[in-house]
Amino acid sequence: MSEYDDEDMDYSDQDDYEDYYNADRDVMSPPHNPDAEYFPVQCLSVDEVEKFLNELVEQLCTSIHVTPSMSKVLLYENKWAVQDVLWKYNEDADKLFVASRMKTLQPVSVKTKRDKFVCPVCVGPVAEELGITNLACGHCYCDNCWRCHFENKIKQGVSTELSCMALNCELLVPEEIVLSTVNKPNLRKKYQHFAFREYIKSHPLLRFCPGANCTAVIKSKESLAKKAICTQCETSFCFKCGNDYHAPTDCATIKKWITKCADDSETSNYIAANTKDCPKCNIFIEKNGGCNHMQCLSCKFDFCWMCMGDWKAHGTEYYDCSKYRENPQNGSESAKAREALKKYLHYYERWENHSKSLQLEKQTLDKIKERINSKVMTSKGTWIDWQYLLDSATLLAKCRYTLQYTYPYAYYMDNGPKKELFEYQQAKLEAEIENLSWKIERAETTDRGDLENQMDIAEKRRATMLQDFFHI
Amino acid sequence: MSVLPRRILKETQRLMQEPVPGISAKPDEGNARYFHVKVTGPEDSPFEGGLFKLELFLPEDYPMSAPKVRFITKIYHPNIDRLGRICLDILKDKWSPALQIRTVLLSIQALLSAPNPDDPLANDVAELWKVNEIEAIRNAKEWTRMYASEN
């Protein structure tokens, strides 16, 4: 990460790649200020990826004497790290081949006498025109049985993981054997298609664009949890996990969070919206009608649904209860569950709110465009004068996005000074975002400086939230 | 019905000529791919003394695909559910065309000797097997007596 070492300096010059954004700002900032979020990726077509992978295969073939098909297995099993494979090869070639499922520790003796051979699968004498084939493990079957086995597996979607027919033998079948055996054109095509997908999945620096119906493959220099943008369909995503970009939360945490939200949110929202705890035993109670005099089914405690106080204390003030009291909690199990739920909902609501605001982003942009139009029409500044408003709206969206993803991170943080600091910074960012939003709403040509100042502050606050994430 | 593959013929012949001890498998008169199977409960297992009926069917692409096997006799076992379906790796992802009807039936017999409650199919049975093995074994013996006795 040495190239990012000096990034704790000025963050104002963030968007190297959005030239229009930089053009009129920060002329004074250093010219080569690396943006921690900037992540160079290449968007490749299927042909280009094929070429790229084939180059790696050839590179390995020329360095050690293996067939291209063997080279593919080696690279597939070793995450396409050519240098790594070469190093292991020089260290102990046999060990590498066994670990890569290209050899077995104790190959069975190879049967070569074809005339006496009885294939253990079809138990028939092998027809004249058919051959017998053994793999590196020594397991030998007739070509017809191999073909049936391959076809059966390809139909199930197996490609790179296609292994020997023998019981518990995990030896991988090299591509050339599969392709020389299977002759149905549609199955050959299927096999090659599946294998290609598996190669890309196994390569840490390649990833299919997650955009709907997009066939592009994204290539990067490092496998990092940074924002990749597909130049074909403009989908942006985290390069490492393929989910939506999620800084400052890491890949494992965001996955946990998204699963949790998918599992819990509906139920917990319902519980939070429709139930209260019994003030005595803390069980969840849903009121489905009747008066405010409640009796807990579980502990038989009589209480008032409005103030949650003991019913006896009410006397005659039946429906005129205006006392407000915090729900007294004790350490019981359900109270703990309630507390956990409250905590979750606190973070979830904020996460959801920002996500909803972001969904309105397009509407906001349209509104701003409309406003610029009307301003220009009434001769309040020129079209160019107003472009900064669009920039500020883009920045606002960016800040909101980061803010949204600070909530799952904070939710999983341990209590302590680190969390306090993080939430303090989070609150600051939230405040600056609100200021920015307010200023954008009321912008006039006269206070452009003020707005740009606010943009700068908000962006700095945003960068602070990301600092830890990019320094890990 | 297509011609019966040589492999199935050979296997059937061998099953009839050299039956595996404790296991009998006879092809149905009307369908040579459907077998009536009887397995005796292994010694020193809760199923000892029982005779269990199973059905075995060889699908069209056998031996590329595993045979389909099911218990017909009710049995109290953590890896066999109420419908008689069996949770056994070689019948699923670990199937190899090199396996045969006889090896499959031997594996099923072995499963009766060594139930595996950590990979359950019948959840309630597996649960009891884990928390109270003595009671589970008592149930298994009781079921064997009730549903699988030879008379």
# chains A, B, ... in the order shown; residues from 1 in each chain; ligands from 1

$ closest_atom_pairs --of "chain A" --to "chain B" --cutoff "9 Å" --atoms "only C-alpha atoms" --output "tab-separated table"
residue	atom	partner	partner_atom	distance
A:Pro120	CA	B:Ala98	CA	6.5
A:Val121	CA	B:Ala98	CA	5.6
A:Cys122	CA	B:Arg7	CA	4.8
A:Val123	CA	B:Arg7	CA	5.4
A:Gly124	CA	B:Arg6	CA	6.6
A:Cys145	CA	B:Met64	CA	8.4
A:Cys148	CA	B:Met64	CA	6.9
A:His149	CA	B:Met64	CA	5.8
A:Asn152	CA	B:Met64	CA	6.7
A:Lys153	CA	B:Met64	CA	8.8
A:Cys164	CA	B:Ser96	CA	8.8
A:Met165	CA	B:Ser96	CA	5.7
A:Ala166	CA	B:Ala98	CA	5.6
A:Leu167	CA	B:Ser96	CA	5.2
A:Asn168	CA	B:Lys94	CA	7.3

$ residues_around --residues "stretch 182-187 of chain A" --least-positions-apart "5" --cutoff "9 Å" --atoms "only C-alpha atoms" --output "list of chain:residue names"
A:Trp146, A:Arg147, A:Cys148, A:Phe150, A:Glu151, A:Ile154, A:Lys155, A:Ile177, A:Gln192

$ atom_distance --atom1 "atom CA of B:Ser149" --atom2 "atom CA of B:Phe52"
8.6 Å

$ closest_residue --among "A:Phe97, A:Trp383, A:Tyr409, A:Tyr199" --to "A:Leu56" --atoms "only C-alpha atoms"
A:Tyr199

$ residues_around --residues "A:Val46" --least-positions-apart "4" --cutoff "8 Å" --atoms "only C-alpha atoms" --output "ChimeraX atom specification"
/A:50,215-217

$ write_last_selection --atoms "C-alpha atoms" --output "short mmCIF file (atom, residue, chain, number, x, y, z; two decimals), in the first residue's frame"
data_model
loop_
_atom_site.label_atom_id
_atom_site.label_comp_id
_atom_site.auth_asym_id
_atom_site.auth_seq_id
_atom_site.Cartn_x
_atom_site.Cartn_y
_atom_site.Cartn_z
CA GLU A 50 -9.79 -14.90 -23.10
CA THR A 215 -21.30 -9.15 -20.06
CA ALA A 216 -18.24 -7.10 -19.21
CA VAL A 217 -15.43 -8.44 -17.06
#

$ closest_residue --among "A:Cys304, A:Pro40, A:Phe469, A:Val85" --to "A:Ala225" --atoms "only C-alpha atoms"
A:Phe469

$ residues_around --residues "stretch 120-127 of chain B" --least-positions-apart "2" --cutoff "10 Å" --atoms "only C-alpha atoms" --output "number ranges by chain"
B: 76-88, 115-118, 129-133, 136, 139-140

$ write_last_selection --atoms "C-alpha atoms" --output "PDB file, in the first residue's frame"
ATOM      1  CA  TYR B  76     -36.080 -45.563  13.456  1.00  0.00           C
ATOM      2  CA  HIS B  77     -32.766 -44.181  12.206  1.00  0.00           C
ATOM      3  CA  PRO B  78     -31.322 -40.624  12.177  1.00  0.00           C
ATOM      4  CA  ASN B  79     -30.319 -40.800   8.504  1.00  0.00           C
ATOM      5  CA  ILE B  80     -33.549 -42.292   7.190  1.00  0.00           C
ATOM      6  CA  ASP B  81     -36.741 -40.254   7.142  1.00  0.00           C
ATOM      7  CA  ARG B  82     -40.395 -41.212   7.518  1.00  0.00           C
ATOM      8  CA  LEU B  83     -40.720 -41.833   3.786  1.00  0.00           C
ATOM      9  CA  GLY B  84     -37.755 -44.193   3.875  1.00  0.00           C
ATOM     10  CA  ARG B  85     -35.425 -41.833   2.015  1.00  0.00           C
ATOM     11  CA  ILE B  86     -31.778 -42.346   2.863  1.00  0.00           C
ATOM     12  CA  CYS B  87     -29.127 -39.729   3.526  1.00  0.00           C
ATOM     13  CA  LEU B  88     -25.963 -41.323   2.215  1.00  0.00           C
ATOM     14  CA  PRO B 115     -25.907 -44.128  12.494  1.00  0.00           C
ATOM     15  CA  ASN B 116     -24.598 -40.614  11.997  1.00  0.00           C
ATOM     16  CA  PRO B 117     -26.780 -38.157  13.952  1.00  0.00           C
ATOM     17  CA  ASP B 118     -24.541 -35.222  12.935  1.00  0.00           C
ATOM     18  CA  TRP B 129     -29.923 -39.830  19.280  1.00  0.00           C
ATOM     19  CA  LYS B 130     -27.646 -37.007  20.345  1.00  0.00           C
ATOM     20  CA  VAL B 131     -29.165 -36.054  23.695  1.00  0.00           C
ATOM     21  CA  ASN B 132     -30.322 -39.472  24.876  1.00  0.00           C
ATOM     22  CA  GLU B 133     -28.736 -42.287  22.942  1.00  0.00           C
ATOM     23  CA  ALA B 136     -33.077 -43.617  20.962  1.00  0.00           C
ATOM     24  CA  ASN B 139     -36.956 -46.800  20.241  1.00  0.00           C
ATOM     25  CA  ALA B 140     -35.016 -48.270  17.330  1.00  0.00           C
TER      26      ALA B 140
END

$ residues_around --residues "A:Cys230" --least-positions-apart "5" --cutoff "10 Å" --atoms "only C-alpha atoms" --output "VMD selection string"
chain A and resid 41 to 44 208 to 211 214 216 to 219 235 to 237

$ write_last_selection --atoms "all heavy atoms" --output "short mmCIF file (atom, residue, chain, number, x, y, z; two decimals), in the first residue's frame"
data_model
loop_
_atom_site.label_atom_id
_atom_site.label_comp_id
_atom_site.auth_asym_id
_atom_site.auth_seq_id
_atom_site.Cartn_x
_atom_site.Cartn_y
_atom_site.Cartn_z
N VAL A 41 -9.66 0.50 -12.84
CA VAL A 41 -10.06 -0.82 -13.35
C VAL A 41 -10.18 -0.75 -14.87
O VAL A 41 -10.34 0.31 -15.43
CB VAL A 41 -11.41 -1.31 -12.78
CG1 VAL A 41 -11.30 -1.62 -11.32
CG2 VAL A 41 -12.51 -0.29 -13.04
N GLN A 42 -10.10 -1.92 -15.46
CA GLN A 42 -10.27 -2.02 -16.90
C GLN A 42 -11.54 -2.80 -17.16
O GLN A 42 -11.84 -3.76 -16.43
CB GLN A 42 -9.12 -2.82 -17.48
CG GLN A 42 -8.02 -2.01 -18.10
CD GLN A 42 -6.95 -2.97 -18.58
OE1 GLN A 42 -6.30 -3.64 -17.78
NE2 GLN A 42 -6.78 -3.05 -19.88
N CYS A 43 -12.25 -2.42 -18.16
CA CYS A 43 -13.48 -3.11 -18.49
C CYS A 43 -13.20 -3.93 -19.76
O CYS A 43 -12.95 -3.37 -20.82
CB CYS A 43 -14.54 -2.06 -18.73
SG CYS A 43 -16.17 -2.71 -18.84
N LEU A 44 -13.20 -5.26 -19.62
CA LEU A 44 -12.80 -6.10 -20.74
C LEU A 44 -13.98 -6.82 -21.37
O LEU A 44 -14.95 -7.17 -20.69
CB LEU A 44 -11.79 -7.16 -20.28
CG LEU A 44 -10.53 -6.67 -19.59
CD1 LEU A 44 -9.66 -7.85 -19.20
CD2 LEU A 44 -9.74 -5.72 -20.46
N PHE A 208 -16.85 -10.59 -12.90
CA PHE A 208 -17.94 -10.25 -13.81
C PHE A 208 -18.64 -9.00 -13.29
O PHE A 208 -18.84 -8.86 -12.08
CB PHE A 208 -18.97 -11.39 -13.87
CG PHE A 208 -18.58 -12.48 -14.79
CD1 PHE A 208 -18.18 -13.71 -14.30
CD2 PHE A 208 -18.60 -12.28 -16.15
CE1 PHE A 208 -17.80 -14.73 -15.17
CE2 PHE A 208 -18.24 -13.29 -17.02
CZ PHE A 208 -17.82 -14.51 -16.53
N CYS A 209 -19.00 -8.11 -14.18
CA CYS A 209 -19.76 -6.93 -13.77
C CYS A 209 -21.10 -7.42 -13.25
O CYS A 209 -21.78 -8.20 -13.91
CB CYS A 209 -19.95 -5.99 -14.93
SG CYS A 209 -21.16 -4.70 -14.57
N PRO A 210 -21.51 -6.99 -12.01
CA PRO A 210 -22.77 -7.48 -11.46
C PRO A 210 -23.99 -6.80 -12.08
O PRO A 210 -25.12 -7.15 -11.74
CB PRO A 210 -22.65 -7.16 -9.97
CG PRO A 210 -21.66 -6.06 -9.88
CD PRO A 210 -20.78 -6.13 -11.08
N GLY A 211 -23.77 -5.86 -12.98
CA GLY A 211 -24.89 -5.15 -13.59
C GLY A 211 -25.80 -6.10 -14.37
O GLY A 211 -25.34 -7.07 -14.96
N CYS A 214 -25.17 -7.32 -18.15
CA CYS A 214 -23.88 -6.78 -18.60
C CYS A 214 -22.90 -7.95 -18.72
O CYS A 214 -22.80 -8.78 -17.84
CB CYS A 214 -23.35 -5.75 -17.61
SG CYS A 214 -21.83 -4.98 -18.17
N ALA A 216 -19.62 -7.56 -19.38
CA ALA A 216 -18.24 -7.10 -19.21
C ALA A 216 -17.56 -7.80 -18.04
O ALA A 216 -18.20 -8.26 -17.10
CB ALA A 216 -18.23 -5.60 -18.99
N VAL A 217 -16.24 -7.90 -18.15
CA VAL A 217 -15.43 -8.44 -17.06
C VAL A 217 -14.52 -7.31 -16.60
O VAL A 217 -13.90 -6.64 -17.42
CB VAL A 217 -14.59 -9.64 -17.53
CG1 VAL A 217 -13.68 -10.12 -16.43
CG2 VAL A 217 -15.50 -10.76 -18.00
N ILE A 218 -14.49 -7.09 -15.30
CA ILE A 218 -13.70 -5.99 -14.76
C ILE A 218 -12.37 -6.54 -14.28
O ILE A 218 -12.32 -7.54 -13.59
CB ILE A 218 -14.43 -5.29 -13.59
CG1 ILE A 218 -15.88 -4.99 -13.96
CG2 ILE A 218 -13.70 -4.04 -13.14
CD1 ILE A 218 -16.06 -3.99 -15.05
N LYS A 219 -11.31 -5.86 -14.67
CA LYS A 219 -9.97 -6.31 -14.27
C LYS A 219 -9.32 -5.20 -13.48
O LYS A 219 -9.40 -4.02 -13.85
CB LYS A 219 -9.18 -6.60 -15.53
CG LYS A 219 -7.78 -7.06 -15.28
CD LYS A 219 -7.11 -7.46 -16.59
CE LYS A 219 -5.63 -7.66 -16.41
NZ LYS A 219 -4.84 -6.56 -16.96
N THR A 235 -22.52 0.44 -13.74
CA THR A 235 -22.79 -0.10 -12.41
C THR A 235 -21.54 0.10 -11.56
O THR A 235 -20.43 -0.13 -12.03
CB THR A 235 -23.09 -1.61 -12.50
OG1 THR A 235 -24.14 -1.81 -13.42
CG2 THR A 235 -23.47 -2.19 -11.16
N SER A 236 -21.72 0.54 -10.33
CA SER A 236 -20.56 0.63 -9.45
C SER A 236 -20.73 -0.41 -8.34
O SER A 236 -21.84 -0.70 -7.90
CB SER A 236 -20.42 2.02 -8.87
OG SER A 236 -21.43 2.28 -7.95
N PHE A 237 -19.62 -0.99 -7.93
CA PHE A 237 -19.68 -2.07 -6.94
C PHE A 237 -18.34 -2.24 -6.26
O PHE A 237 -17.33 -1.69 -6.71
CB PHE A 237 -20.09 -3.39 -7.62
CG PHE A 237 -19.19 -3.79 -8.76
CD1 PHE A 237 -18.14 -4.67 -8.57
CD2 PHE A 237 -19.37 -3.25 -10.02
CE1 PHE A 237 -17.30 -5.03 -9.61
CE2 PHE A 237 -18.54 -3.60 -11.07
CZ PHE A 237 -17.51 -4.48 -10.87
#

$ residues_around --residues "B:Met146" --least-positions-apart "6" --cutoff "10 Å" --atoms "only C-alpha atoms" --output "list in words"
Gly50, Lys74, Ile75 and Ala140 of chain B

$ write_last_selection --atoms "N, CA, C and O atoms" --output "PDB file, in the first residue's frame"
ATOM      1  N   GLY B  50     -34.093 -57.798  12.693  1.00  0.00           N
ATOM      2  CA  GLY B  50     -35.095 -57.262  11.773  1.00  0.00           C
ATOM      3  C   GLY B  50     -34.773 -57.605  10.332  1.00  0.00           C
ATOM      4  O   GLY B  50     -33.622 -57.856   9.984  1.00  0.00           O
ATOM      5  N   LYS B  74     -40.731 -49.464   7.861  1.00  0.00           N
ATOM      6  CA  LYS B  74     -40.491 -48.321   8.766  1.00  0.00           C
ATOM      7  C   LYS B  74     -39.244 -48.590   9.612  1.00  0.00           C
ATOM      8  O   LYS B  74     -39.053 -49.709  10.086  1.00  0.00           O
ATOM      9  N   ILE B  75     -38.439 -47.584   9.789  1.00  0.00           N
ATOM     10  CA  ILE B  75     -37.206 -47.773  10.556  1.00  0.00           C
ATOM     11  C   ILE B  75     -36.895 -46.505  11.343  1.00  0.00           C
ATOM     12  O   ILE B  75     -37.119 -45.399  10.866  1.00  0.00           O
ATOM     13  N   ALA B 140     -35.401 -47.575  18.558  1.00  0.00           N
ATOM     14  CA  ALA B 140     -35.016 -48.270  17.330  1.00  0.00           C
ATOM     15  C   ALA B 140     -35.297 -49.762  17.454  1.00  0.00           C
ATOM     16  O   ALA B 140     -35.816 -50.396  16.532  1.00  0.00           O
TER      17      ALA B 140
END

$ residues_around --residues "A:Ile200" --least-positions-apart "5" --cutoff "9 Å" --atoms "only C-alpha atoms" --output "list in words"
Val49, Leu53, Ala195, Leu205, Leu206, Arg207, Phe208 and Val217 of chain A

$ closest_residue --among "B:Ile137, B:Leu128, B:Leu4, B:Ile108" --to "B:Pro42" --atoms "only C-alpha atoms"
B:Ile108

$ select_by_dssp --residues "chain B" --states "strand (DSSP E)" --output "list in words"
Ile23, Ser24, Ala25, Lys26, Pro27, Tyr34, Phe35, His36, Val37, Lys38, Val39, Thr40, Leu51, Phe52, Lys53, Leu54, Glu55, Leu56, Phe57, Lys68, Val69, Arg70 and Phe71 of chain B

$ write_last_selection --atoms "C-alpha atoms" --output "CSV table (one decimal), in the first residue's frame"
chain,number,residue,atom,x,y,z
B,23,ILE,CA,-28.7,-58.9,1.6
B,24,SER,CA,-30.9,-60.2,-1.1
B,25,ALA,CA,-31.8,-58.2,-4.3
B,26,LYS,CA,-34.2,-59.5,-6.9
B,27,PRO,CA,-35.2,-57.8,-10.1
B,34,TYR,CA,-36.5,-52.3,-10.4
B,35,PHE,CA,-35.2,-54.4,-7.6
B,36,HIS,CA,-36.9,-55.8,-4.5
B,37,VAL,CA,-34.3,-55.7,-1.7
B,38,LYS,CA,-34.2,-57.3,1.7
B,39,VAL,CA,-31.5,-56.4,4.2
B,40,THR,CA,-31.1,-58.1,7.6
B,51,LEU,CA,-35.6,-57.8,8.1
B,52,PHE,CA,-35.9,-54.6,6.2
B,53,LYS,CA,-37.5,-54.3,2.8
B,54,LEU,CA,-36.2,-51.7,0.4
B,55,GLU,CA,-36.8,-50.8,-3.2
B,56,LEU,CA,-34.0,-49.9,-5.6
B,57,PHE,CA,-34.4,-48.4,-9.1
B,68,LYS,CA,-32.5,-44.6,-6.3
B,69,VAL,CA,-33.0,-46.5,-3.0
B,70,ARG,CA,-35.7,-46.2,-0.4
B,71,PHE,CA,-36.7,-48.2,2.7

$ atom_distance --atom1 "atom CA of A:Ile457" --atom2 "atom CA of A:Glu370"
26.6 Å
